[in-house]
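Novice: Take a look at this one; I'll ask things after.
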Amino acid sequence: MTTTIIKNGTIVTHDLTYRADVRVDGGKITEIGANLSGGTELDATGCYVMPGGIDPHTHLEMPFMGTYSADDFESGTRAALAGGTTMVIDFALPSPGQGLLDALQMWSNKSTRAHCDYSYHMAITWWSQQVFDEMKEVTDRGITSFKHFLAYKGALMVNDDELFASFRRLRDLGGLAMVHAENGDVVAELSAKLLADGNSGPEGHAYSRPPQVEGEATNRAIMIADMAGVPLYVVHTSCEDSHEAIRRARQQGKRVYGEPLIQHLTLDESEYFNADWDHAARRVMSPPFRNKMHQDSLWAGLSAGSLSVVATDHCAFTTDQKRFGAGDFTKIPNGTGGLEDRMPMLWTYGVMTGRITMNEFVAVTSTNVAKIFGMYPRKGAISVGSDADIVVWDPAKSKTISAKHQQSAIDYNVFEGKAVTGLPRYTLTRGRVAVNDGAIIGAEGHGEFVPRAANGPVNTALSAWKDLTAPRPIQRSGIPASGV
Ligand code: DUC
Ligand code: ZN
Ligand code: ZN
Ligand code: ZN
C-alpha cells in the first residue's frame, strides 16, 4: 500500500482553515495532524489543501443534435484533473423509447477509460410503465438523481403530466428531481419566427431563449415539485428570473437548489453580438450567456447562499461541428467546455475579487455537491476515512488560458486569453498523483463508479407541501339527486 504525506500546507474545507499535514494510505485519508512523516512527501508550502472539485454537470461523448460531444470520459476527466476537479457526474440519456437500464449500460461502457471517479444522473426523456418500473432499479444501483428537460421540444422534452408523474415516483423512491428549465414550446415558437424573419445567425440562439423562458420553467418546476413533495435541483441557473424563483422557494422552506455555471458567471451576451460567426457559434449553449445584471445576480446568490453549486455543463463541440448550423442557428450543437477552467476561473473571479471566501469556494465546487447528491463525506471532505481526492492549490501560480495547452479535444476555448491565478500544484485521485507541479500524469481507467445514497426523510415541515395526491374524504350532506 502506498503512503503519501502532504506536508506544510493549509487545509481549507467548507467550514475550517488550519495548518496540518495529511496522510494518505491506499486511496483514503488516514491521518491529519502536525509533523507527519513516513511516505512519499508532497510539499504543500504556500498552498491550500482542499477537497478535489466535483463537477455535477458534464456531457461526455453524448449523442446530441446529430453528432457526439467531442470530449469523452478519457479527455474529459483528464481535463478535469488538470484543473483540480477529481470527480464528474455525467448524464445517462436514454433516447425516447429506450429503457433506462439499457441507457445506463451504454454509459457504463463509455466510462471505462475515466481518469477520475464518476457517477451519473439518469435522464427521464419519455414516460411509460417501463420507465416507472426501472426507476427503482436505477435508484438501487446508486443513481439517485433524475434530470428532466423542459426544453428541446420534439426530442428530449417532457410535458407537465410526465414531469408530475416522474416527480411523484421520485418522492416515493427518495430521489432528487433535476430540471433543465427553459420553456421548450416558447423557444420553438421564437426560433421559427426568427428564422422566418431572416435571423439565421448564432445571435438568433440568444434571442430565442430570453430570461423569461427560464424564469417561467423554473417557477413551474418548483410548483410541480412542491405538489409532488420532492426536492428539486435546477441545473444551469443563468439569470435573475430563475434565481429569483429559487430564492423565493428556499425562503419558503422548499428544498430547491440552483446551479450557476462558471461560463454564465464570467462571460456575457456580447460574445454573440460583437463577434464573427465562429466566435459566436462556439459560445452557443442553452441557456445562452446573459447581460451583466444577471451575472451580478448569480454572484450575489453564491455569497448569500441562495445558489449552491458552480458547475460547467461541459459539452464541448469542435468548430467543424458548430458549423453544422451555418445558415440555421437551431442546428448549431448546443454546448461549451469548461471542465479544466472551472476552479481557476472561480478562484480568480470569485475568491480573488472578494465575492466569495475560500471556504465558500470549497463548498460550491465540492462539498455542497457531495452533500446534495448523497456521497458526503466519502467525497467533498478532508477528513479521516474520506477518499483521497485532494487538490493542493497554489494561489501564486498563474497562466493565461489557451486552447493550445488544454487537455480538451476541441480546437478552441471560450475563456481564451483570460489570465488566471490559482492552479493545482498537485491533484490526487483516490491517492494517486495525477497532476504533479503542472504536469499531467494520466491515470486512464483508474476512475471508479461512485454509488450515491437516496434522500433520507426530507424535512418538509417548513414547506407548504401536503400530499395532494392522497385521498381526502369529507362528510357532506344534502347532495342533490343527479340528472333527471
Ligand atoms: N445545454 C447545452 O448547452 N448543451 C447540452 C445540453 C444543454 O442543456
Ligand atoms: Zn441542460
Ligand atoms: Zn473571435
Ligand atoms: Zn447539461
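We label chains A, B, ... in the order they appear in the C-alpha cells, count residues from 1 in each chain, and number ligands from 1 in the order shown.
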If you run DSSP on the backbone here, which positions in stretch 134-208 of chain A get helix (DSSP H, G or I)? Please write them as a PyMOL selection string.
Specialist: chain A and resi 134-140+160-173+184-196+203-207
Novice: For the selection you just gave me, I'd like the residues written to a file as an mmCIF file, in the first residue's frame, keeping C-alpha atoms.
Specialist:
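As a result, selection_5.cif now contains:
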```
data_model
loop_
_atom_site.group_PDB
_atom_site.id
_atom_site.type_symbol
_atom_site.label_atom_id
_atom_site.label_comp_id
_atom_site.auth_asym_id
_atom_site.auth_seq_id
_atom_site.Cartn_x
_atom_site.Cartn_y
_atom_site.Cartn_z
ATOM 1 C CA GLU A 134 -36.887 0.848 -13.970
ATOM 2 C CA MET A 135 -36.511 3.985 -11.850
ATOM 3 C CA LYS A 136 -36.448 1.712 -8.787
ATOM 4 C CA GLU A 137 -33.605 -0.448 -10.127
ATOM 5 C CA VAL A 138 -31.654 2.657 -11.181
ATOM 6 C CA THR A 139 -32.013 4.098 -7.672
ATOM 7 C CA ASP A 140 -30.967 0.765 -6.116
ATOM 8 C CA ASP A 160 -46.042 18.607 -17.376
ATOM 9 C CA ASP A 161 -48.067 15.396 -16.911
ATOM 10 C CA GLU A 162 -44.906 13.335 -17.399
ATOM 11 C CA LEU A 163 -42.970 15.661 -15.126
ATOM 12 C CA PHE A 164 -45.531 15.352 -12.343
ATOM 13 C CA ALA A 165 -45.664 11.551 -12.669
ATOM 14 C CA SER A 166 -41.888 11.256 -12.547
ATOM 15 C CA PHE A 167 -41.589 13.669 -9.590
ATOM 16 C CA ARG A 168 -44.165 11.640 -7.635
ATOM 17 C CA ARG A 169 -42.234 8.469 -8.355
ATOM 18 C CA LEU A 170 -39.059 10.167 -7.105
ATOM 19 C CA ARG A 171 -40.770 11.234 -3.921
ATOM 20 C CA ASP A 172 -41.536 7.564 -3.218
ATOM 21 C CA LEU A 173 -38.006 6.430 -4.119
ATOM 22 C CA GLY A 184 -39.452 24.485 -24.914
ATOM 23 C CA ASP A 185 -42.755 25.464 -26.538
ATOM 24 C CA VAL A 186 -41.949 29.179 -26.408
ATOM 25 C CA VAL A 187 -38.349 28.582 -27.565
ATOM 26 C CA ALA A 188 -39.669 26.652 -30.595
ATOM 27 C CA GLU A 189 -42.087 29.469 -31.496
ATOM 28 C CA LEU A 190 -39.465 32.203 -31.105
ATOM 29 C CA SER A 191 -36.904 30.215 -33.106
ATOM 30 C CA ALA A 192 -39.328 29.676 -36.007
ATOM 31 C CA LYS A 193 -40.216 33.371 -36.058
ATOM 32 C CA LEU A 194 -36.578 34.476 -36.013
ATOM 33 C CA LEU A 195 -35.702 32.136 -38.882
ATOM 34 C CA ALA A 196 -38.770 33.254 -40.878
ATOM 35 C CA GLU A 203 -27.226 35.572 -32.144
ATOM 36 C CA GLY A 204 -30.678 34.194 -33.017
ATOM 37 C CA HIS A 205 -29.999 31.449 -30.474
ATOM 38 C CA ALA A 206 -29.761 34.047 -27.689
ATOM 39 C CA TYR A 207 -32.847 35.930 -28.902
#
```
Novice: Contacts between ligand 2 and chain A, please, where a residue of chain A counts if it comes within 10 Å (with only C-alpha atoms and all ligand atoms); show its shortest atom pair and distance in Å to one decimal, rows by chain and ascending number, as CSV.
Specialist:
```
residue,atom,partner,partner_atom_place_in_ligand_line,distance
A:His57,CA,ligand 2,1 (Zn),8.8
A:Thr58,CA,ligand 2,1 (Zn),9.7
A:His59,CA,ligand 2,1 (Zn),9.6
A:Lys147,CA,ligand 2,1 (Zn),8.8
A:His148,CA,ligand 2,1 (Zn),8.8
A:Phe149,CA,ligand 2,1 (Zn),6.9
A:Leu150,CA,ligand 2,1 (Zn),9.0
A:Ala151,CA,ligand 2,1 (Zn),8.2
A:Tyr152,CA,ligand 2,1 (Zn),9.4
A:Met178,CA,ligand 2,1 (Zn),9.8
A:Val179,CA,ligand 2,1 (Zn),7.7
A:His180,CA,ligand 2,1 (Zn),4.6
A:Ala181,CA,ligand 2,1 (Zn),7.6
A:Glu182,CA,ligand 2,1 (Zn),8.7
A:Val234,CA,ligand 2,1 (Zn),9.3
A:Val235,CA,ligand 2,1 (Zn),6.5
A:His236,CA,ligand 2,1 (Zn),6.7
A:Thr237,CA,ligand 2,1 (Zn),9.7
A:Met285,CA,ligand 2,1 (Zn),8.8
A:Ser286,CA,ligand 2,1 (Zn),6.4
A:Pro287,CA,ligand 2,1 (Zn),7.5
A:Asp313,CA,ligand 2,1 (Zn),7.2
A:Cys315,CA,ligand 2,1 (Zn),9.9
A:Asn334,CA,ligand 2,1 (Zn),9.4
A:Gly335,CA,ligand 2,1 (Zn),9.1
```
Novice: Check the DSSP output for the backbone and give back, as a PDB file with C-alpha atoms, in the first residue's frame, the residues of stretch 173-379 of chain A in strand (DSSP E or B).
Specialist:
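In the end it all went to out-v1.pdb:
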```pdb
ATOM      1  CA  LEU A 176     -33.685  14.082  -6.277  1.00  0.00           C
ATOM      2  CA  ALA A 177     -35.536  15.728  -9.184  1.00  0.00           C
ATOM      3  CA  MET A 178     -33.465  17.845 -11.582  1.00  0.00           C
ATOM      4  CA  VAL A 179     -34.660  20.141 -14.355  1.00  0.00           C
ATOM      5  CA  HIS A 180     -33.256  21.892 -17.376  1.00  0.00           C
ATOM      6  CA  LEU A 232     -35.564  19.964  -6.790  1.00  0.00           C
ATOM      7  CA  TYR A 233     -32.195  20.862  -8.333  1.00  0.00           C
ATOM      8  CA  VAL A 234     -32.272  23.441 -11.139  1.00  0.00           C
ATOM      9  CA  VAL A 256     -34.681  23.761  -4.035  1.00  0.00           C
ATOM     10  CA  TYR A 257     -31.088  24.132  -5.247  1.00  0.00           C
ATOM     11  CA  GLY A 258     -29.668  26.358  -8.005  1.00  0.00           C
ATOM     12  CA  LEU A 261     -22.170  27.670 -14.427  1.00  0.00           C
ATOM     13  CA  ALA A 311     -20.714  23.580 -12.435  1.00  0.00           C
ATOM     14  CA  HIS A 314     -19.178  20.653 -20.093  1.00  0.00           C
ATOM     15  CA  THR A 336     -19.426  24.771 -24.309  1.00  0.00           C
TER      16      THR A 336
END
```
Novice: Could you give me the residues within 6 Å of ligand 3, counting only C-alpha atoms and all ligand atoms, as a PyMOL selection string?
Specialist: chain A and resi 275-276+279
Novice: What's the separation between atom CA of A:Ser408 and atom CA of A:Asn368, in Å to one decimal place?
Specialist: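 Distance between the two atoms: 25.9 Å.
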